[in-house]
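Structure file my_file26.tsv with TSV, C-alpha atoms:
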```
chain	number	residue	atom	x	y	z
T	1	SER	CA	112.36	116.07	85.71
T	2	GLN	CA	115.74	114.34	86.11
T	3	GLY	CA	116.07	115.51	89.74
T	4	PRO	CA	113.92	116.89	92.57
T	5	LEU	CA	111.01	119.10	91.55
T	6	ARG	CA	108.89	121.53	93.55
T	7	LEU	CA	105.74	123.12	92.13
T	8	SER	CA	104.31	126.10	93.97
T	9	PRO	CA	101.85	128.95	93.22
T	10	VAL	CA	103.76	131.79	91.58
T	11	GLY	CA	102.75	135.45	91.33
T	12	THR	CA	104.54	138.32	89.64
T	13	THR	CA	104.50	142.09	90.16
T	14	VAL	CA	106.17	144.54	87.77
T	15	ALA	CA	106.20	148.32	87.49
T	16	GLN	CA	104.74	149.63	84.24
T	17	VAL	CA	106.31	152.96	83.34
T	18	GLY	CA	104.03	155.62	81.87
T	19	ILE	CA	104.84	158.47	79.48
T	20	ASP	CA	105.08	160.80	82.49
T	21	ALA	CA	107.71	158.50	84.01
T	22	THR	CA	105.40	157.41	86.83
T	23	THR	CA	104.86	153.72	87.49
T	24	THR	CA	101.78	151.55	87.92
T	25	ALA	CA	101.93	148.12	89.51
T	26	LYS	CA	100.92	145.25	87.24
T	27	VAL	CA	100.13	142.18	89.34
T	28	ASP	CA	99.66	138.59	88.22
T	29	ALA	CA	98.23	136.75	91.22
T	30	GLY	CA	99.56	133.38	92.32
T	31	GLN	CA	97.81	130.52	90.54
T	32	THR	CA	97.20	126.87	91.35
T	33	SER	CA	100.34	124.79	90.88
T	34	LEU	CA	98.65	122.49	88.32
T	35	LYS	CA	95.18	122.92	86.81
T	36	THR	CA	93.33	121.99	83.63
T	37	THR	CA	89.97	123.26	82.40
T	38	ASP	CA	89.58	121.41	79.07
T	39	GLY	CA	89.39	117.80	80.24
T	40	SER	CA	92.99	116.97	79.42
T	41	SER	CA	95.09	114.79	81.72
T	42	ILE	CA	97.93	115.83	84.04
T	43	VAL	CA	101.18	113.83	84.24
T	44	VAL	CA	104.14	114.93	86.39
T	45	GLN	CA	107.10	112.63	87.07
T	46	THR	CA	110.58	112.86	88.52
T	47	MET	CA	113.06	110.24	87.39
T	48	ALA	CA	115.12	110.37	90.60
T	49	GLY	CA	114.17	112.92	93.22
T	50	ASN	CA	111.40	114.20	95.46
T	51	LEU	CA	108.25	115.68	93.96
T	52	GLN	CA	106.64	118.38	96.11
T	53	ILE	CA	103.47	120.25	95.11
T	54	ASP	CA	102.36	123.09	97.37
T	55	ALA	CA	98.82	124.34	98.01
T	56	ASP	CA	97.45	127.61	96.63
T	57	ALA	CA	95.45	130.16	98.63
T	58	SER	CA	92.29	128.03	98.34
T	59	GLY	CA	94.05	124.85	99.48
T	60	ASP	CA	94.42	123.17	96.06
T	61	SER	CA	97.58	121.52	94.73
T	62	VAL	CA	96.29	119.82	91.57
T	63	VAL	CA	92.89	120.34	89.93
T	64	GLY	CA	91.71	118.19	87.03
T	65	SER	CA	88.67	118.66	84.80
T	66	GLY	CA	86.21	116.57	82.82
T	67	THR	CA	87.34	112.98	82.32
T	68	GLY	CA	91.03	113.88	82.55
T	69	HIS	CA	93.27	111.60	84.62
T	70	ILE	CA	96.10	112.61	87.00
T	71	LEU	CA	99.48	110.91	87.54
T	72	LEU	CA	101.96	112.28	90.09
T	73	GLN	CA	105.10	110.16	90.46
T	74	ALA	CA	108.32	110.57	92.44
T	75	GLY	CA	110.70	108.10	90.83
T	76	GLY	CA	113.68	106.49	92.55
T	77	ALA	CA	113.80	104.25	95.62
T	78	THR	CA	114.53	107.15	98.02
T	79	SER	CA	112.18	109.72	96.45
T	80	ASP	CA	109.22	111.17	98.38
T	81	LEU	CA	105.94	112.54	97.04
T	82	ILE	CA	104.78	115.48	99.17
T	83	LEU	CA	101.37	117.04	98.50
T	84	GLY	CA	100.56	120.17	100.48
T	85	GLY	CA	96.99	120.62	99.29
T	86	LYS	CA	93.99	118.95	97.68
T	87	VAL	CA	94.31	116.78	94.57
T	88	SER	CA	91.02	116.44	92.71
T	89	ALA	CA	89.58	115.11	89.46
T	90	VAL	CA	86.00	115.41	88.22
T	91	THR	CA	85.47	111.85	86.88
T	92	GLY	CA	89.02	110.88	85.97
T	93	SER	CA	91.26	108.46	87.86
T	94	ILE	CA	94.19	109.58	90.03
T	95	SER	CA	97.45	107.70	90.65
T	96	LEU	CA	100.01	108.88	93.20
T	97	LEU	CA	103.29	106.93	93.18
T	98	ALA	CA	106.28	107.47	95.47
T	99	GLY	CA	109.51	105.51	95.49
T	100	HIS	CA	109.74	106.04	99.26
T	101	ASP	CA	107.31	108.07	101.46
T	102	LEU	CA	104.03	109.63	100.37
T	103	SER	CA	102.48	112.49	102.33
T	104	LEU	CA	98.89	113.64	101.70
T	105	GLY	CA	98.51	117.14	103.13
T	106	SER	CA	94.80	117.40	102.31
T	107	ASP	CA	92.06	115.62	100.34
T	108	LEU	CA	92.24	113.23	97.38
T	109	THR	CA	88.96	113.11	95.48
T	110	THR	CA	87.25	112.07	92.26
T	111	GLY	CA	83.71	111.39	91.09
T	112	GLY	CA	81.78	109.22	88.64
T	113	THR	CA	83.60	105.96	87.98
T	114	GLY	CA	87.04	107.47	88.62
T	115	THR	CA	89.39	105.45	90.82
T	116	LEU	CA	92.06	106.48	93.33
T	117	MET	CA	95.44	104.84	93.86
T	118	ALA	CA	98.28	105.94	96.15
T	119	THR	CA	101.48	103.94	96.70
T	120	ALA	CA	104.51	104.56	98.91
T	121	THR	CA	106.67	101.77	97.52
T	122	THR	CA	109.32	101.36	100.22
T	123	GLY	CA	108.17	103.83	102.86
T	124	ALA	CA	105.13	105.16	104.73
T	125	LEU	CA	101.92	106.65	103.38
T	126	THR	CA	100.54	109.28	105.74
T	127	MET	CA	97.27	111.22	105.73
T	128	THR	CA	96.54	114.21	107.96
T	129	ALA	CA	93.94	113.85	110.72
T	130	ALA	CA	91.44	116.00	108.79
T	131	GLY	CA	92.20	114.54	105.36
T	132	LYS	CA	89.73	112.66	103.15
T	133	VAL	CA	90.09	110.22	100.26
T	134	THR	CA	86.78	109.94	98.42
T	135	SER	CA	85.32	108.47	95.24
T	136	ASN	CA	81.79	107.86	94.01
T	137	THR	CA	81.63	104.33	92.57
T	138	GLY	CA	85.30	103.79	91.73
T	139	GLY	CA	87.67	101.74	93.84
T	140	ILE	CA	90.28	103.14	96.22
T	141	ARG	CA	93.66	101.44	96.78
T	142	LEU	CA	96.28	102.72	99.24
T	143	GLU	CA	99.56	100.84	99.74
T	144	ALA	CA	102.64	101.50	101.86
T	145	GLY	CA	105.87	99.56	102.15
T	146	THR	CA	105.81	100.21	105.91
T	147	ASN	CA	103.05	102.01	107.86
T	148	LEU	CA	99.80	103.23	106.32
T	149	THR	CA	98.13	106.03	108.32
T	150	VAL	CA	94.56	106.69	107.20
T	151	THR	CA	91.25	108.39	107.92
T	152	GLY	CA	88.22	109.67	106.00
T	153	ILE	CA	88.38	107.08	103.20
T	154	ASN	CA	85.02	106.66	101.45
T	155	ALA	CA	84.54	104.80	98.16
T	156	GLY	CA	80.76	105.22	98.06
T	157	SER	CA	79.43	102.08	96.36
T	158	GLY	CA	82.96	101.07	95.37
T	159	SER	CA	85.49	99.01	97.30
T	160	VAL	CA	88.61	99.89	99.30
T	161	SER	CA	91.94	98.04	99.56
T	162	LEU	CA	94.52	99.01	102.21
T	163	ILE	CA	97.98	97.42	102.31
T	164	ALA	CA	100.80	98.00	104.83
T	165	GLY	CA	103.65	95.75	103.68
T	166	SER	CA	105.86	95.39	106.74
T	167	GLY	CA	104.00	97.80	109.00
T	168	SER	CA	100.55	98.60	110.37
T	169	VAL	CA	97.38	100.31	109.19
T	170	ILE	CA	97.00	103.16	111.69
T	171	ASP	CA	94.17	105.57	112.51
T	172	ALA	CA	95.15	109.15	111.58
T	173	GLY	CA	92.24	110.81	113.41
T	174	ASP	CA	88.76	110.36	114.80
T	175	SER	CA	86.90	113.24	113.11
T	176	SER	CA	85.27	110.82	110.65
T	177	VAL	CA	84.83	107.12	109.88
T	178	ASP	CA	88.25	105.87	108.84
T	179	VAL	CA	87.24	103.52	106.02
T	180	ALA	CA	83.90	103.19	104.21
T	181	GLY	CA	82.89	101.30	101.09
T	182	ASP	CA	80.72	98.48	99.82
T	183	GLY	CA	83.67	96.15	100.43
T	184	VAL	CA	86.83	96.77	102.45
T	185	ARG	CA	90.02	94.69	102.22
T	186	ILE	CA	92.90	95.26	104.68
T	187	LEU	CA	96.28	93.50	104.64
T	188	ALA	CA	99.02	94.45	107.14
T	189	GLY	CA	102.40	92.91	107.85
T	190	ASN	CA	102.10	93.95	111.50
T	191	GLY	CA	98.82	95.26	112.93
T	192	ILE	CA	95.49	96.88	112.10
T	193	GLY	CA	94.68	99.74	114.46
T	194	THR	CA	96.48	100.16	117.78
T	195	LEU	CA	96.18	97.98	120.88
T	196	GLY	CA	97.77	98.34	124.31
T	197	ALA	CA	97.61	101.10	126.91
T	198	SER	CA	96.35	103.68	124.37
T	199	PRO	CA	94.15	101.71	121.96
T	200	ASN	CA	92.94	103.32	118.75
T	201	ALA	CA	90.82	101.09	116.54
T	202	LEU	CA	89.95	101.74	112.92
T	203	GLU	CA	86.32	102.79	112.42
T	204	ILE	CA	85.03	100.86	109.40
T	205	SER	CA	81.68	100.93	107.56
T	206	ALA	CA	81.29	98.20	104.96
T	207	SER	CA	78.88	95.56	103.69
T	208	THR	CA	81.77	93.10	103.38
T	209	LEU	CA	85.08	93.13	105.25
T	210	SER	CA	88.24	91.05	104.76
T	211	ALA	CA	91.20	91.73	107.08
T	212	ARG	CA	94.51	89.98	107.73
T	213	ALA	CA	97.46	91.08	109.90
T	214	GLY	CA	100.84	89.58	110.79
```
Let's see the structure in the file written out as structure tokens.
Amino acid sequence: SQGPLRLSPVGTTVAQVGIDATTTAKVDAGQTSLKTTDGSSIVVQTMAGNLQIDADASGDSVVGSGTGHILLQAGGATSDLILGGKVSAVTGSISLLAGHDLSLGSDLTTGGTGTLMATATTGALTMTAAGKVTSNTGGIRLEAGTNLTVTGINAGSGSVSLIAGSGSVIDAGDSSVDVAGDGVRILAGNGIGTLGASPNALEISASTLSARAG
């Protein structure tokens, strides 16, 4: 797309006219914004504009299959990537790229050796308090130009890298361990967790940890 793009579940209802001139409703229910079932990959990109993908009735935004990969990219320095629901692959890798802010409205998941990458180039990357980012053995890398707000990240036997360029890595919620993996690497231009009158530390589970702030 050359400009902003919004993908949302769409349903259609029409009136089918019978030979007696009465009508019967023909309904096509709303379907998932993006979904494959044959293992093919999904690529959606805006050249300059926001990319917004809404959730369907079951909470999904993008559903991959087989070994298919997923790329969702909002191009342009001021463009946001806004995901209202879950983005999932079976064993493929997922890349989410935003020129500015990136908002994860639900879970980001893959299995097998699939990896997960999410980047808010010049802005903030924000997860919801109940959100999860999970892989099986593949690595997970989340990067924000400013603040990175996270929770529920679990790379299984893989490793996790968190980067907040000029900001902090912040705890989005306490319903689960914030970061888990065999190895965890955190780099922040400002802080990791929150100190002061209302402290909120990151809960981390890892065999090996490397962290640097400031």
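Here atom CA of T:Asp182 is placed at a distance of 19.2 Å from atom CA of T:Thr91.
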Counting all atoms listed in the file, closest pick from T:Gly191, T:Gly92, T:Leu162, T:Gly156 relative to T:Ser205 is T:Gly156
- Message: When you look at stretch 103-118 of chain T with a cut-off of 9 Å (counting only C-alpha atoms), what residues show up, excluding the ones that are within fewer than 4 positions of it in the same chain? I need them as a ChimeraX atom specification.
- Response: /T:55,59-60,67,69,80-98,124-128,130-144,155,158
Counting only C-alpha atoms, write as a ChimeraX atom specification all protein and nucleic acid residues lying at most 9 Å from (97.4, 126.0, 94.7) in the file's frame. /T:8-9,30-35,53-63,84-86
Where's the centre, and what are the edge lengths in Å to one decimal, of a box along x, y and z enclosing all listed atoms of stretch 39-57 of chain T padded 8 Å per side, as AutoDock Vina command-line options?
```
--center_x 102.3 --center_y 120.2 --center_z 89.0 --size_x 41.7 --size_y 35.9 --size_z 35.2
```
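Atom CA of T:Arg212 sits 16.7 Å away from atom CA of T:Val150.
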Minimum-distance residue to T:Asp171, chosen among T:Gln45, T:Thr146, T:Asn190, T:Asn200 (using all atoms listed in the file):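 Closest candidate: T:Asn200.
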- prompt: Expressed in Å to a single decimal, how great is the separation between atom CA of T:Gly3 and atom CA of T:Gly165?
  reply: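 Distance reported for this atom pair: 27.2 Å.
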Please identify all polymer residues within 8 Å of T:Thr36, counting all atoms listed in the file, omitting same-chain residues fewer than 5 positions from it, and present them as a PyMOL selection string. chain T and resi 41-42+63-65
| message | Applying 9 Å and only C-alpha atoms, which residues near T:Leu187 remain after dropping the ones on its own chain fewer than 4 positions away? List them as a PyMOL selection string. | response | chain T and resi 161-165+168-169+191-192+210-214
Dump C-alpha atoms for the selected residues as a PDB file, keeping the file's coordinate frame?
```
ATOM      1  CA  SER T 161      91.940  98.040  99.560  1.00  0.00           C
ATOM      2  CA  LEU T 162      94.520  99.010 102.210  1.00  0.00           C
ATOM      3  CA  ILE T 163      97.980  97.420 102.310  1.00  0.00           C
ATOM      4  CA  ALA T 164     100.800  98.000 104.830  1.00  0.00           C
ATOM      5  CA  GLY T 165     103.650  95.750 103.680  1.00  0.00           C
ATOM      6  CA  SER T 168     100.550  98.600 110.370  1.00  0.00           C
ATOM      7  CA  VAL T 169      97.380 100.310 109.190  1.00  0.00           C
ATOM      8  CA  GLY T 191      98.820  95.260 112.930  1.00  0.00           C
ATOM      9  CA  ILE T 192      95.490  96.880 112.100  1.00  0.00           C
ATOM     10  CA  SER T 210      88.240  91.050 104.760  1.00  0.00           C
ATOM     11  CA  ALA T 211      91.200  91.730 107.080  1.00  0.00           C
ATOM     12  CA  ARG T 212      94.510  89.980 107.730  1.00  0.00           C
ATOM     13  CA  ALA T 213      97.460  91.080 109.900  1.00  0.00           C
ATOM     14  CA  GLY T 214     100.840  89.580 110.790  1.00  0.00           C
TER      15      GLY T 214
END
```
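With all atoms listed in the file as the atoms that count, the residue of T:Ala201, T:Val160, T:Val27, T:Met47 with the shortest distance to T:Gly183 is T:Val160.
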Across T:Ala77, T:Ile170, T:Val43, T:Leu72, the smallest distance to T:His100, with all atoms listed in the file counted, is shown by T:Ala77
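If you count all atoms listed in the file and draw a sphere of 10 Å around (89.9, 104.9, 114.4), the protein and nucleic acid residues inside it come out as Val150, Thr151, Gly152, Ile170, Asp171, Ala172, Gly173, Asp174, Ser175, Ser176, Val177, Asp178, Val179, Gly193, Thr194, Pro199, Asn200, Ala201, Leu202, Glu203 and Ile204 of chain T.
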Q.
I need the residue nearest T:Gly76 from this list: T:Thr208, T:Ser198, T:Thr13, T:Gln2. Use all atoms listed in the file for the distance.
A.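 Looking at the shortest contact to T:Gly76, the residue is T:Gln2.
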With the input short on atoms, add N, CA and C atoms back to stretch 32-66 of chain T and write it as a short mmCIF file (atom, residue, chain, number, x, y, z; two decimals), in the coordinates of the input.
```
data_model
loop_
_atom_site.label_atom_id
_atom_site.label_comp_id
_atom_site.auth_asym_id
_atom_site.auth_seq_id
_atom_site.Cartn_x
_atom_site.Cartn_y
_atom_site.Cartn_z
N THR T 32 97.06 128.26 90.92
CA THR T 32 97.20 126.87 91.35
C THR T 32 98.40 126.22 90.68
N SER T 33 99.14 125.41 91.41
CA SER T 33 100.34 124.79 90.88
C SER T 33 100.07 124.04 89.57
N LEU T 34 99.02 123.23 89.53
CA LEU T 34 98.65 122.49 88.32
C LEU T 34 97.13 122.48 88.19
N LYS T 35 96.63 122.89 87.01
CA LYS T 35 95.18 122.92 86.81
C LYS T 35 94.87 122.83 85.33
N THR T 36 93.85 122.02 84.99
CA THR T 36 93.33 121.99 83.63
C THR T 36 91.86 122.38 83.65
N THR T 37 91.38 122.89 82.52
CA THR T 37 89.97 123.26 82.40
C THR T 37 89.32 122.67 81.16
N ASP T 38 90.10 121.92 80.35
CA ASP T 38 89.58 121.41 79.07
C ASP T 38 89.44 119.89 79.04
N GLY T 39 89.55 119.25 80.19
CA GLY T 39 89.39 117.80 80.24
C GLY T 39 90.64 117.01 79.90
N SER T 40 91.75 117.69 79.69
CA SER T 40 92.99 116.97 79.42
C SER T 40 93.56 116.40 80.70
N SER T 41 94.49 115.46 80.56
CA SER T 41 95.09 114.79 81.72
C SER T 41 96.33 115.52 82.19
N ILE T 42 96.74 115.22 83.43
CA ILE T 42 97.93 115.83 84.04
C ILE T 42 98.90 114.71 84.41
N VAL T 43 100.14 114.80 83.92
CA VAL T 43 101.18 113.83 84.24
C VAL T 43 102.43 114.58 84.66
N VAL T 44 102.90 114.33 85.89
CA VAL T 44 104.14 114.93 86.39
C VAL T 44 104.97 113.82 87.01
N GLN T 45 106.25 113.72 86.59
CA GLN T 45 107.10 112.63 87.07
C GLN T 45 108.53 113.12 87.26
N THR T 46 109.14 112.71 88.36
CA THR T 46 110.58 112.86 88.52
C THR T 46 111.22 111.50 88.29
N MET T 47 112.38 111.51 87.64
CA MET T 47 113.06 110.24 87.39
C MET T 47 113.81 109.76 88.61
N ALA T 48 114.39 110.71 89.37
CA ALA T 48 115.12 110.37 90.60
C ALA T 48 115.18 111.61 91.46
N GLY T 49 114.22 111.75 92.36
CA GLY T 49 114.17 112.92 93.22
C GLY T 49 112.78 113.15 93.76
N ASN T 50 112.69 113.90 94.85
CA ASN T 50 111.40 114.20 95.46
C ASN T 50 110.53 115.03 94.53
N LEU T 51 109.23 114.83 94.64
CA LEU T 51 108.25 115.68 93.96
C LEU T 51 107.38 116.32 95.03
N GLN T 52 107.42 117.65 95.11
CA GLN T 52 106.64 118.38 96.11
C GLN T 52 105.74 119.37 95.39
N ILE T 53 104.44 119.34 95.72
CA ILE T 53 103.47 120.25 95.11
C ILE T 53 102.74 120.97 96.23
N ASP T 54 102.92 122.29 96.29
CA ASP T 54 102.36 123.09 97.37
C ASP T 54 100.91 123.49 97.08
N ALA T 55 100.21 123.90 98.13
CA ALA T 55 98.82 124.34 98.01
C ALA T 55 98.76 125.81 97.64
N ASP T 56 97.69 126.19 96.90
CA ASP T 56 97.45 127.61 96.63
C ASP T 56 96.62 128.22 97.76
N ALA T 57 96.17 129.45 97.57
CA ALA T 57 95.45 130.16 98.63
C ALA T 57 94.13 129.48 99.00
N SER T 58 93.55 128.72 98.06
CA SER T 58 92.29 128.03 98.34
C SER T 58 92.50 126.60 98.81
N GLY T 59 93.76 126.18 98.95
CA GLY T 59 94.05 124.85 99.48
C GLY T 59 94.24 123.78 98.42
N ASP T 60 94.27 124.14 97.13
CA ASP T 60 94.42 123.17 96.06
C ASP T 60 95.87 123.02 95.64
N SER T 61 96.27 121.78 95.33
CA SER T 61 97.58 121.52 94.73
C SER T 61 97.45 121.17 93.25
N VAL T 62 96.51 120.25 92.95
CA VAL T 62 96.29 119.82 91.57
C VAL T 62 94.79 119.72 91.33
N VAL T 63 94.32 120.33 90.24
CA VAL T 63 92.89 120.34 89.93
C VAL T 63 92.68 119.85 88.50
N GLY T 64 92.03 118.71 88.35
CA GLY T 64 91.71 118.19 87.03
C GLY T 64 90.33 118.64 86.58
N SER T 65 89.97 118.28 85.34
CA SER T 65 88.67 118.66 84.80
C SER T 65 88.14 117.56 83.90
N GLY T 66 86.83 117.53 83.71
CA GLY T 66 86.21 116.57 82.82
C GLY T 66 86.59 115.14 83.17
#
```
